>>> print(open('model-v3.cif').read())   # mmCIF, C-alpha atoms
data_protein
loop_
_atom_site.group_PDB
_atom_site.id
_atom_site.type_symbol
_atom_site.label_atom_id
_atom_site.label_comp_id
_atom_site.auth_asym_id
_atom_site.auth_seq_id
_atom_site.Cartn_x
_atom_site.Cartn_y
_atom_site.Cartn_z
ATOM 1 C CA MET A 1 79.450 -44.890 60.696
ATOM 2 C CA THR A 2 80.678 -47.437 63.267
ATOM 3 C CA THR A 3 84.061 -46.554 64.752
ATOM 4 C CA SER A 4 86.378 -47.874 67.476
ATOM 5 C CA PRO A 5 87.609 -45.967 70.550
ATOM 6 C CA LEU A 6 90.983 -47.690 70.124
ATOM 7 C CA ALA A 7 91.544 -46.837 66.448
ATOM 8 C CA ASN A 8 93.958 -43.992 67.036
ATOM 9 C CA LEU A 9 97.602 -43.713 68.043
ATOM 10 C CA ALA A 10 97.066 -42.147 71.485
ATOM 11 C CA ALA A 11 94.423 -44.658 72.642
ATOM 12 C CA THR A 12 96.482 -47.602 71.412
ATOM 13 C CA ARG A 13 99.605 -46.398 73.209
ATOM 14 C CA ASP A 14 97.648 -45.685 76.400
ATOM 15 C CA LEU A 15 96.138 -49.171 76.463
ATOM 16 C CA LEU A 16 99.475 -50.872 75.766
ATOM 17 C CA ASP A 17 101.046 -48.866 78.589
ATOM 18 C CA GLU A 18 98.131 -49.626 80.932
ATOM 19 C CA PHE A 19 98.620 -53.378 80.511
ATOM 20 C CA GLY A 20 102.422 -53.281 80.182
ATOM 21 C CA LEU A 21 102.384 -54.627 76.634
ATOM 22 C CA ALA A 22 104.653 -54.152 73.635
ATOM 23 C CA THR A 23 104.142 -55.110 70.015
ATOM 24 C CA LYS A 24 105.412 -58.548 69.070
ATOM 25 C CA HIS A 25 106.788 -58.817 65.590
ATOM 26 C CA ARG A 26 107.077 -62.585 65.948
ATOM 27 C CA LEU A 27 103.277 -62.768 66.058
ATOM 28 C CA GLY A 28 102.875 -60.273 63.243
ATOM 29 C CA GLN A 29 101.202 -57.730 65.534
ATOM 30 C CA ASN A 30 100.607 -54.375 63.912
ATOM 31 C CA PHE A 31 97.839 -52.431 65.624
ATOM 32 C CA LEU A 32 95.300 -50.597 63.465
ATOM 33 C CA ILE A 33 95.186 -46.885 64.347
ATOM 34 C CA ASP A 34 92.963 -45.503 61.554
ATOM 35 C CA ASN A 35 89.251 -45.158 62.262
ATOM 36 C CA HIS A 36 88.492 -44.614 58.578
ATOM 37 C CA VAL A 37 89.671 -48.170 57.886
ATOM 38 C CA ILE A 38 87.417 -49.465 60.682
ATOM 39 C CA GLU A 39 84.491 -47.602 59.118
ATOM 40 C CA ARG A 40 85.145 -49.157 55.718
ATOM 41 C CA ILE A 41 85.488 -52.666 57.186
ATOM 42 C CA MET A 42 82.195 -52.271 59.026
ATOM 43 C CA ALA A 43 80.500 -50.930 55.908
ATOM 44 C CA LEU A 44 81.650 -53.988 53.957
ATOM 45 C CA ALA A 45 80.534 -56.335 56.739
ATOM 46 C CA GLU A 46 76.959 -54.965 56.631
ATOM 47 C CA LEU A 47 76.060 -56.121 60.128
ATOM 48 C CA THR A 48 72.446 -55.709 61.192
ATOM 49 C CA GLY A 49 72.588 -56.548 64.895
ATOM 50 C CA VAL A 50 71.699 -60.242 64.707
ATOM 51 C CA GLU A 51 74.880 -61.804 63.314
ATOM 52 C CA ARG A 52 77.163 -64.140 65.245
ATOM 53 C CA VAL A 53 80.549 -62.740 64.280
ATOM 54 C CA LEU A 54 83.798 -64.679 64.521
ATOM 55 C CA GLU A 55 87.101 -62.781 64.728
ATOM 56 C CA VAL A 56 90.677 -64.100 64.717
ATOM 57 C CA GLY A 57 93.643 -62.150 66.040
ATOM 58 C CA PRO A 58 91.792 -59.387 67.908
ATOM 59 C CA GLY A 59 94.999 -58.073 69.461
ATOM 60 C CA ILE A 60 93.968 -55.330 71.885
ATOM 61 C CA GLY A 61 90.426 -55.307 70.506
ATOM 62 C CA THR A 62 90.492 -52.358 68.099
ATOM 63 C CA LEU A 63 88.216 -53.978 65.512
ATOM 64 C CA THR A 64 86.457 -56.028 68.198
ATOM 65 C CA LEU A 65 84.989 -52.962 69.889
ATOM 66 C CA ALA A 66 83.492 -51.812 66.590
ATOM 67 C CA LEU A 67 82.029 -55.264 65.952
ATOM 68 C CA THR A 68 80.334 -55.394 69.355
ATOM 69 C CA GLN A 69 78.344 -52.275 68.422
ATOM 70 C CA ASP A 70 76.745 -53.796 65.318
ATOM 71 C CA ALA A 71 76.711 -57.592 65.850
ATOM 72 C CA GLY A 72 74.439 -59.765 67.921
ATOM 73 C CA ARG A 73 77.409 -61.704 69.288
ATOM 74 C CA VAL A 74 81.187 -61.491 68.800
ATOM 75 C CA VAL A 75 83.645 -64.298 69.532
ATOM 76 C CA SER A 76 87.365 -63.614 69.117
ATOM 77 C CA ILE A 77 90.161 -66.186 69.033
ATOM 78 C CA GLU A 78 93.560 -64.959 70.216
ATOM 79 C CA MET A 79 96.825 -66.903 70.404
ATOM 80 C CA ASP A 80 98.949 -64.498 72.481
ATOM 81 C CA ARG A 81 98.409 -65.267 76.184
ATOM 82 C CA GLU A 82 99.772 -61.868 77.198
ATOM 83 C CA LEU A 83 96.739 -60.234 75.585
ATOM 84 C CA GLU A 84 94.249 -62.171 77.701
ATOM 85 C CA PRO A 85 93.965 -59.489 80.412
ATOM 86 C CA VAL A 86 92.951 -56.928 77.758
ATOM 87 C CA LEU A 87 90.355 -59.244 76.233
ATOM 88 C CA ALA A 88 89.051 -60.181 79.688
ATOM 89 C CA ALA A 89 88.515 -56.486 80.415
ATOM 90 C CA HIS A 90 86.576 -56.100 77.149
ATOM 91 C CA GLU A 91 84.495 -59.170 77.976
ATOM 92 C CA ALA A 92 83.568 -57.596 81.307
ATOM 93 C CA ASP A 93 82.559 -54.359 79.585
ATOM 94 C CA TYR A 94 80.656 -55.790 76.595
ATOM 95 C CA GLU A 95 77.837 -58.233 77.250
ATOM 96 C CA ASN A 96 77.833 -59.630 73.688
ATOM 97 C CA PHE A 97 81.584 -60.360 73.552
ATOM 98 C CA ARG A 98 83.410 -63.591 74.380
ATOM 99 C CA TYR A 99 86.981 -64.640 73.658
ATOM 100 C CA ILE A 100 88.824 -67.945 73.283
ATOM 101 C CA MET A 101 92.561 -68.311 73.817
ATOM 102 C CA GLY A 102 94.184 -70.674 71.334
ATOM 103 C CA ASP A 103 95.221 -71.426 67.761
ATOM 104 C CA ALA A 104 92.337 -70.592 65.410
ATOM 105 C CA LEU A 105 93.176 -73.611 63.251
ATOM 106 C CA LYS A 106 92.953 -75.953 66.244
ATOM 107 C CA VAL A 107 90.035 -74.581 68.271
ATOM 108 C CA PRO A 108 87.100 -77.013 67.840
ATOM 109 C CA VAL A 109 84.088 -75.599 66.024
ATOM 110 C CA GLU A 110 81.931 -76.843 68.895
ATOM 111 C CA GLN A 111 83.813 -74.597 71.339
ATOM 112 C CA ILE A 112 83.273 -71.611 69.059
ATOM 113 C CA GLU A 113 79.562 -72.389 68.773
ATOM 114 C CA VAL A 114 79.184 -72.512 72.563
ATOM 115 C CA ALA A 115 80.831 -69.097 72.919
ATOM 116 C CA ALA A 116 78.803 -67.658 70.024
ATOM 117 C CA GLU A 117 75.559 -69.260 71.210
ATOM 118 C CA GLY A 118 75.167 -70.826 67.777
ATOM 119 C CA GLU A 119 77.021 -71.268 64.500
ATOM 120 C CA PRO A 120 79.095 -68.258 63.383
ATOM 121 C CA THR A 121 77.424 -66.480 60.461
ATOM 122 C CA VAL A 122 80.012 -63.801 59.601
ATOM 123 C CA PHE A 123 83.814 -63.790 59.810
ATOM 124 C CA VAL A 124 85.447 -60.367 60.261
ATOM 125 C CA ALA A 125 89.126 -60.079 61.144
ATOM 126 C CA ASN A 126 92.437 -58.304 60.770
ATOM 127 C CA LEU A 127 94.204 -61.617 60.269
ATOM 128 C CA PRO A 128 97.738 -62.647 61.247
ATOM 129 C CA TYR A 129 99.354 -62.469 57.828
ATOM 130 C CA ASN A 130 101.411 -65.666 58.091
ATOM 131 C CA VAL A 131 98.310 -67.878 58.405
ATOM 132 C CA ALA A 132 95.609 -65.703 56.809
ATOM 133 C CA ALA A 133 95.090 -67.694 53.617
ATOM 134 C CA THR A 134 94.902 -71.001 55.483
ATOM 135 C CA ILE A 135 92.393 -69.672 58.028
ATOM 136 C CA ILE A 136 90.030 -68.230 55.414
ATOM 137 C CA LEU A 137 89.750 -71.478 53.453
ATOM 138 C CA ASP A 138 89.606 -73.591 56.611
ATOM 139 C CA PHE A 139 86.714 -71.586 58.069
ATOM 140 C CA PHE A 140 84.652 -71.713 54.880
ATOM 141 C CA GLU A 141 85.235 -75.481 54.772
ATOM 142 C CA ARG A 142 84.470 -76.167 58.438
ATOM 143 C CA MET A 143 81.683 -73.657 59.120
ATOM 144 C CA PRO A 144 78.784 -74.127 56.695
ATOM 145 C CA ALA A 145 76.678 -71.389 58.313
ATOM 146 C CA LEU A 146 79.340 -68.777 57.518
ATOM 147 C CA GLU A 147 77.648 -66.458 55.020
ATOM 148 C CA ARG A 148 80.474 -64.033 54.347
ATOM 149 C CA ALA A 149 83.933 -62.938 55.421
ATOM 150 C CA VAL A 150 85.516 -59.491 55.562
ATOM 151 C CA VAL A 151 89.210 -59.964 56.198
ATOM 152 C CA MET A 152 92.325 -57.826 56.187
ATOM 153 C CA VAL A 153 95.275 -59.667 54.686
ATOM 154 C CA GLN A 154 98.596 -58.942 53.054
ATOM 155 C CA LYS A 155 98.050 -57.451 49.585
ATOM 156 C CA GLU A 156 99.690 -60.452 47.914
ATOM 157 C CA VAL A 157 97.227 -62.796 49.642
ATOM 158 C CA ALA A 158 94.320 -60.618 48.504
ATOM 159 C CA ASP A 159 95.705 -60.849 44.976
ATOM 160 C CA ARG A 160 95.743 -64.669 45.205
ATOM 161 C CA ILE A 161 92.209 -64.740 46.560
ATOM 162 C CA ALA A 162 90.867 -62.575 43.723
ATOM 163 C CA ALA A 163 93.142 -63.866 40.938
ATOM 164 C CA ALA A 164 91.679 -64.586 37.520
ATOM 165 C CA PRO A 165 92.706 -67.582 35.375
ATOM 166 C CA GLY A 166 95.854 -66.818 33.426
ATOM 167 C CA SER A 167 97.454 -64.583 36.051
ATOM 168 C CA LYS A 168 100.727 -65.465 37.768
ATOM 169 C CA VAL A 169 99.175 -65.620 41.243
ATOM 170 C CA TYR A 170 96.225 -67.798 40.219
ATOM 171 C CA GLY A 171 96.729 -71.250 41.696
ATOM 172 C CA ALA A 172 95.244 -74.228 43.501
ATOM 173 C CA TYR A 173 94.379 -72.057 46.508
ATOM 174 C CA THR A 174 92.356 -69.671 44.325
ATOM 175 C CA VAL A 175 90.472 -72.586 42.792
ATOM 176 C CA LYS A 176 89.699 -74.222 46.146
ATOM 177 C CA LEU A 177 88.486 -70.994 47.740
ATOM 178 C CA ALA A 178 86.355 -70.219 44.675
ATOM 179 C CA LEU A 179 84.431 -73.451 45.300
ATOM 180 C CA HIS A 180 83.132 -71.877 48.517
ATOM 181 C CA ALA A 181 83.049 -68.117 47.992
ATOM 182 C CA GLN A 182 83.396 -65.222 45.593
ATOM 183 C CA VAL A 183 85.036 -61.823 46.054
ATOM 184 C CA THR A 184 82.438 -59.047 46.278
ATOM 185 C CA GLY A 185 84.522 -56.170 47.624
ATOM 186 C CA ARG A 186 88.057 -54.968 48.233
ATOM 187 C CA PHE A 187 90.059 -51.911 49.300
ATOM 188 C CA GLU A 188 93.735 -51.253 50.018
ATOM 189 C CA VAL A 189 95.214 -50.303 53.411
ATOM 190 C CA PRO A 190 98.624 -48.544 53.463
ATOM 191 C CA PRO A 191 101.274 -49.211 56.153
ATOM 192 C CA ARG A 192 100.720 -45.796 57.796
ATOM 193 C CA CYS A 193 97.392 -47.057 59.167
ATOM 194 C CA PHE A 194 99.209 -49.314 61.656
ATOM 195 C CA MET A 195 101.495 -49.048 64.658
ATOM 196 C CA PRO A 196 104.190 -50.061 64.036
ATOM 197 C CA ALA A 197 103.945 -49.608 60.273
ATOM 198 C CA PRO A 198 104.444 -53.002 58.567
ATOM 199 C CA HIS A 199 106.825 -53.463 55.665
ATOM 200 C CA VAL A 200 104.022 -54.763 53.448
ATOM 201 C CA ASP A 201 100.832 -53.348 51.954
ATOM 202 C CA SER A 202 97.505 -54.689 53.144
ATOM 203 C CA ALA A 203 94.051 -55.118 51.657
ATOM 204 C CA VAL A 204 90.583 -55.844 52.976
ATOM 205 C CA VAL A 205 88.575 -58.373 50.980
ATOM 206 C CA ARG A 206 84.932 -59.368 51.273
ATOM 207 C CA LEU A 207 84.008 -62.928 50.319
ATOM 208 C CA ASP A 208 80.404 -64.106 50.009
ATOM 209 C CA ARG A 209 79.622 -67.792 50.257
ATOM 210 C CA ARG A 210 78.219 -69.465 47.172
ATOM 211 C CA ALA A 211 76.954 -72.992 46.874
ATOM 212 C CA PRO A 212 79.287 -74.987 44.625
ATOM 213 C CA THR A 213 77.702 -76.396 41.494
ATOM 214 C CA LEU A 214 78.832 -80.011 41.649
ATOM 215 C CA PRO A 215 77.527 -83.016 39.711
ATOM 216 C CA ALA A 216 75.835 -85.714 41.774
ATOM 217 C CA GLY A 217 78.328 -87.922 43.593
ATOM 218 C CA LEU A 218 81.214 -85.473 43.278
ATOM 219 C CA SER A 219 82.635 -83.880 46.429
ATOM 220 C CA ILE A 220 84.621 -80.694 46.901
ATOM 221 C CA SER A 221 87.547 -82.813 48.103
ATOM 222 C CA ASP A 222 87.524 -84.592 44.704
ATOM 223 C CA VAL A 223 87.909 -81.249 42.952
ATOM 224 C CA CYS A 224 90.598 -80.115 45.378
ATOM 225 C CA ARG A 225 92.680 -83.236 44.704
ATOM 226 C CA VAL A 226 92.517 -82.550 40.978
ATOM 227 C CA ALA A 227 93.454 -78.884 41.438
ATOM 228 C CA ASP A 228 96.383 -79.741 43.722
ATOM 229 C CA ALA A 229 97.697 -82.274 41.210
ATOM 230 C CA ALA A 230 97.262 -79.889 38.277
ATOM 231 C CA PHE A 231 99.244 -77.122 40.009
ATOM 232 C CA ALA A 232 101.801 -79.407 41.656
ATOM 233 C CA GLN A 233 104.286 -78.645 38.872
ATOM 234 C CA ARG A 234 102.797 -75.549 37.297
ATOM 235 C CA ARG A 235 105.557 -75.160 34.695
ATOM 236 C CA LYS A 236 104.546 -78.517 33.225
ATOM 237 C CA THR A 237 101.493 -79.236 31.114
ATOM 238 C CA ILE A 238 98.424 -80.227 33.074
ATOM 239 C CA ARG A 239 98.753 -83.827 31.804
ATOM 240 C CA ASN A 240 102.359 -84.148 32.946
ATOM 241 C CA SER A 241 101.748 -82.469 36.280
ATOM 242 C CA MET A 242 98.750 -84.637 37.118
ATOM 243 C CA SER A 243 100.372 -87.862 35.981
ATOM 244 C CA ALA A 244 103.448 -87.026 38.063
ATOM 245 C CA SER A 245 101.062 -86.712 41.018
ATOM 246 C CA GLY A 246 99.774 -90.230 40.435
ATOM 247 C CA PHE A 247 96.829 -89.892 38.041
ATOM 248 C CA ASP A 248 96.633 -92.540 35.317
ATOM 249 C CA LYS A 249 97.634 -91.058 31.930
ATOM 250 C CA ALA A 250 95.056 -93.023 29.941
ATOM 251 C CA ALA A 251 92.276 -91.903 32.276
ATOM 252 C CA LEU A 252 93.506 -88.335 32.019
ATOM 253 C CA ASP A 253 93.448 -88.408 28.212
ATOM 254 C CA ILE A 254 89.842 -89.639 28.187
ATOM 255 C CA ALA A 255 88.827 -86.986 30.719
ATOM 256 C CA PHE A 256 90.588 -84.185 28.832
ATOM 257 C CA ALA A 257 88.799 -85.183 25.633
ATOM 258 C CA GLN A 258 85.410 -85.278 27.376
ATOM 259 C CA CYS A 259 85.974 -81.815 28.860
ATOM 260 C CA ASP A 260 87.524 -80.308 25.728
ATOM 261 C CA ILE A 261 90.664 -79.441 27.692
ATOM 262 C CA ALA A 262 93.960 -79.584 25.839
ATOM 263 C CA PRO A 263 96.384 -81.929 27.666
ATOM 264 C CA THR A 264 99.142 -79.468 26.746
ATOM 265 C CA ALA A 265 97.415 -76.630 28.609
ATOM 266 C CA ARG A 266 98.837 -75.205 31.822
ATOM 267 C CA ALA A 267 96.745 -75.429 34.981
ATOM 268 C CA GLU A 268 96.586 -71.641 35.404
ATOM 269 C CA THR A 269 94.574 -71.301 32.189
ATOM 270 C CA LEU A 270 91.638 -73.318 33.580
ATOM 271 C CA ALA A 271 88.734 -71.697 35.440
ATOM 272 C CA PRO A 272 87.480 -73.237 38.697
ATOM 273 C CA GLN A 273 84.502 -74.780 36.890
ATOM 274 C CA ASP A 274 86.917 -76.513 34.485
ATOM 275 C CA PHE A 275 88.438 -78.333 37.451
ATOM 276 C CA VAL A 276 84.953 -79.386 38.520
ATOM 277 C CA ARG A 277 84.258 -80.811 35.055
ATOM 278 C CA LEU A 278 87.640 -82.567 34.975
ATOM 279 C CA ALA A 279 87.128 -84.085 38.433
ATOM 280 C CA ALA A 280 83.675 -85.304 37.376
ATOM 281 C CA ALA A 281 85.038 -86.908 34.217
ATOM 282 C CA LEU A 282 87.767 -88.689 36.164
ATOM 283 C CA SER A 283 85.260 -89.794 38.796
ATOM 284 C CA GLU A 284 83.034 -91.354 36.131
ATOM 285 C CA GLN A 285 85.964 -93.572 35.164
ATOM 286 C CA GLY A 286 86.653 -94.495 38.758
ATOM 287 C CA SER A 287 89.759 -92.337 38.578
ATOM 288 C CA GLY A 288 88.750 -89.654 41.024
ATOM 289 C CA GLU A 289 91.307 -90.887 43.547
ATOM 290 C CA VAL A 290 95.017 -90.354 43.050
ATOM 291 C CA ARG A 291 96.677 -93.565 41.988
ATOM 292 C CA ASP A 292 100.161 -94.894 42.459
ATOM 293 C CA GLY A 293 102.140 -93.626 39.503
ATOM 294 C CA ASN A 294 104.320 -96.752 39.302
#
>>> encode(input="model-v3.cif", output="structure tokens")
Amino acid sequence: MTTSPLANLAATRDLLDEFGLATKHRLGQNFLIDNHVIERIMALAELTGVERVLEVGPGIGTLTLALTQDAGRVVSIEMDRELEPVLAAHEADYENFRYIMGDALKVPVEQIEVAAEGEPTVFVANLPYNVAATIILDFFERMPALERAVVMVQKEVADRIAAAPGSKVYGAYTVKLALHAQVTGRFEVPPRCFMPAPHVDSAVVRLDRRAPTLPAGLSISDVCRVADAAFAQRRKTIRNSMSASGFDKAALDIAFAQCDIAPTARAETLAPQDFVRLAAALSEQGSGEVRDGN
């Protein structure tokens, strides 16, 4: 099993002391100190030695050093400038590792591709919890060669990612992510596996890309607009929520009838494919775009 030389308390403390670093709660830094978790992440990632792996939030490189053993190339994006000396030392030691300093949501894909010597094919990361959900969806949208992701997130985010229709945490985000990928694995990570121990539970989720089944002429952005409007006021019926977001009520009624969706239904009862059908029906009427509700 692939492990990391930094995935223990003593090694983590020694490295932090060596570089004069301290944990930064403002950046959500909690360093992984459990090699068993690293082993399970690597098992889920199923790297074969040829993948171009993208990582976000490497910290001191605990997961990074495991990834370099099994991947063809590893590129990590880190926001904290004080960690650059650590990452520079890793880059000097590992021929297949490169790092980029910056905001993962703002770094151009072209810059990542240069560092990775091609398009990233796998995303593996212990993500900063405050932006984890946004990063996952953004990367699947912007990086078409990304085949799968294995990401550690806050348990509540993992619940949203894997939520089924009808559950309280199922929402527009779940629908939009489901257009790109499906959950194929998950395990929980307790606070004791980190230093310092966070006040939240964590989970690792694997997502495999799937090609969305869309009718001709319909884009993913069309479906996303419909999902956002449907969940905009989730306590309201889907008809009222969407009309309040600017969709024409008459067009909605025709589309609901075509799709056999009750206008009195709540958005959380619809499966992702229902939103695809609804977006297609609205598009056929020329109502795929949000209209002025006045």
>>> residues_around(input="model-v3.cif", residues="region 190-200 of chain A", least_positions_apart="3", cutoff="7 Å", atoms="all atoms listed in the file", output="ChimeraX atom specification")
/A:30-34,154
>>> write_last_selection(input="model-v3.cif", atoms="C-alpha atoms", output="compact mmCIF listing (two decimals), in the frame of the given file")
# COMPACT_ATOMS: atom_id res chain seq x y z
CA ASN A 30 100.61 -54.38 63.91
CA PHE A 31 97.84 -52.43 65.62
CA LEU A 32 95.30 -50.60 63.46
CA ILE A 33 95.19 -46.88 64.35
CA ASP A 34 92.96 -45.50 61.55
CA GLN A 154 98.60 -58.94 53.05
>>> atom_distance(input="model-v3.cif", atom1="CA of Ser283 (chain A)", atom2="CA of Leu218 (chain A)")
7.4 Å
>>> atom_distance(input="model-v3.cif", atom1="CA of Pro108 (chain A)", atom2="CA of Leu177 (chain A)")
21.0 Å
>>> closest_residue(input="model-v3.cif", among="A:Ala250, A:Ala125, A:Ala257, A:Leu282", to="Met152 (chain A)", atoms="only C-alpha atoms")
A:Ala125
>>> residues_around(input="model-v3.cif", residues="Ala115 (chain A)", least_positions_apart="3", cutoff="10 Å", atoms="all atoms listed in the file", output="PDB file with C-alpha atoms, in the coordinates of the input")
ATOM      1  CA  ARG A  52      77.163 -64.140  65.245  1.00  0.00           C
ATOM      2  CA  LEU A  54      83.798 -64.679  64.521  1.00  0.00           C
ATOM      3  CA  ARG A  73      77.409 -61.704  69.288  1.00  0.00           C
ATOM      4  CA  VAL A  74      81.187 -61.491  68.800  1.00  0.00           C
ATOM      5  CA  VAL A  75      83.645 -64.298  69.532  1.00  0.00           C
ATOM      6  CA  SER A  76      87.365 -63.614  69.117  1.00  0.00           C
ATOM      7  CA  ASN A  96      77.833 -59.630  73.688  1.00  0.00           C
ATOM      8  CA  PHE A  97      81.584 -60.360  73.552  1.00  0.00           C
ATOM      9  CA  ARG A  98      83.410 -63.591  74.380  1.00  0.00           C
ATOM     10  CA  TYR A  99      86.981 -64.640  73.658  1.00  0.00           C
ATOM     11  CA  ILE A 100      88.824 -67.945  73.283  1.00  0.00           C
ATOM     12  CA  GLU A 110      81.931 -76.843  68.895  1.00  0.00           C
ATOM     13  CA  GLN A 111      83.813 -74.597  71.339  1.00  0.00           C
ATOM     14  CA  ILE A 112      83.273 -71.611  69.059  1.00  0.00           C
ATOM     15  CA  GLY A 118      75.167 -70.826  67.777  1.00  0.00           C
ATOM     16  CA  GLU A 119      77.021 -71.268  64.500  1.00  0.00           C
ATOM     17  CA  PRO A 120      79.095 -68.258  63.383  1.00  0.00           C
TER      18      PRO A 120
END
>>> resolve_selection(input="model-v3.cif", expression="the PyMOL selection byres ((chain A and resi 131-142) around 8)", output="PyMOL selection string")
chain A and resi 104-105+109+127-130+143-144+146+153+157+176-177+180-181+209
>>> closest_atom_pairs(input="model-v3.cif", of="region 115-181 of chain A", to="region 223-239 of chain A", cutoff="9 Å", atoms="only C-alpha atoms", output="JSON lines")
{"residue": "A:Gly171", "atom": "CA", "partner": "A:Phe231", "partner_atom": "CA", "distance": 6.6}
{"residue": "A:Ala172", "atom": "CA", "partner": "A:Ala227", "partner_atom": "CA", "distance": 5.4}
{"residue": "A:Tyr173", "atom": "CA", "partner": "A:Asp228", "partner_atom": "CA", "distance": 8.4}
{"residue": "A:Val175", "atom": "CA", "partner": "A:Ala227", "partner_atom": "CA", "distance": 7.1}
{"residue": "A:Lys176", "atom": "CA", "partner": "A:Cys224", "partner_atom": "CA", "distance": 6.0}
{"residue": "A:Leu179", "atom": "CA", "partner": "A:Val223", "partner_atom": "CA", "distance": 8.9}
>>> atom_distance(input="model-v3.cif", atom1="CA of Gln273 (chain A)", atom2="CA of Val122 (chain A)")
25.6 Å
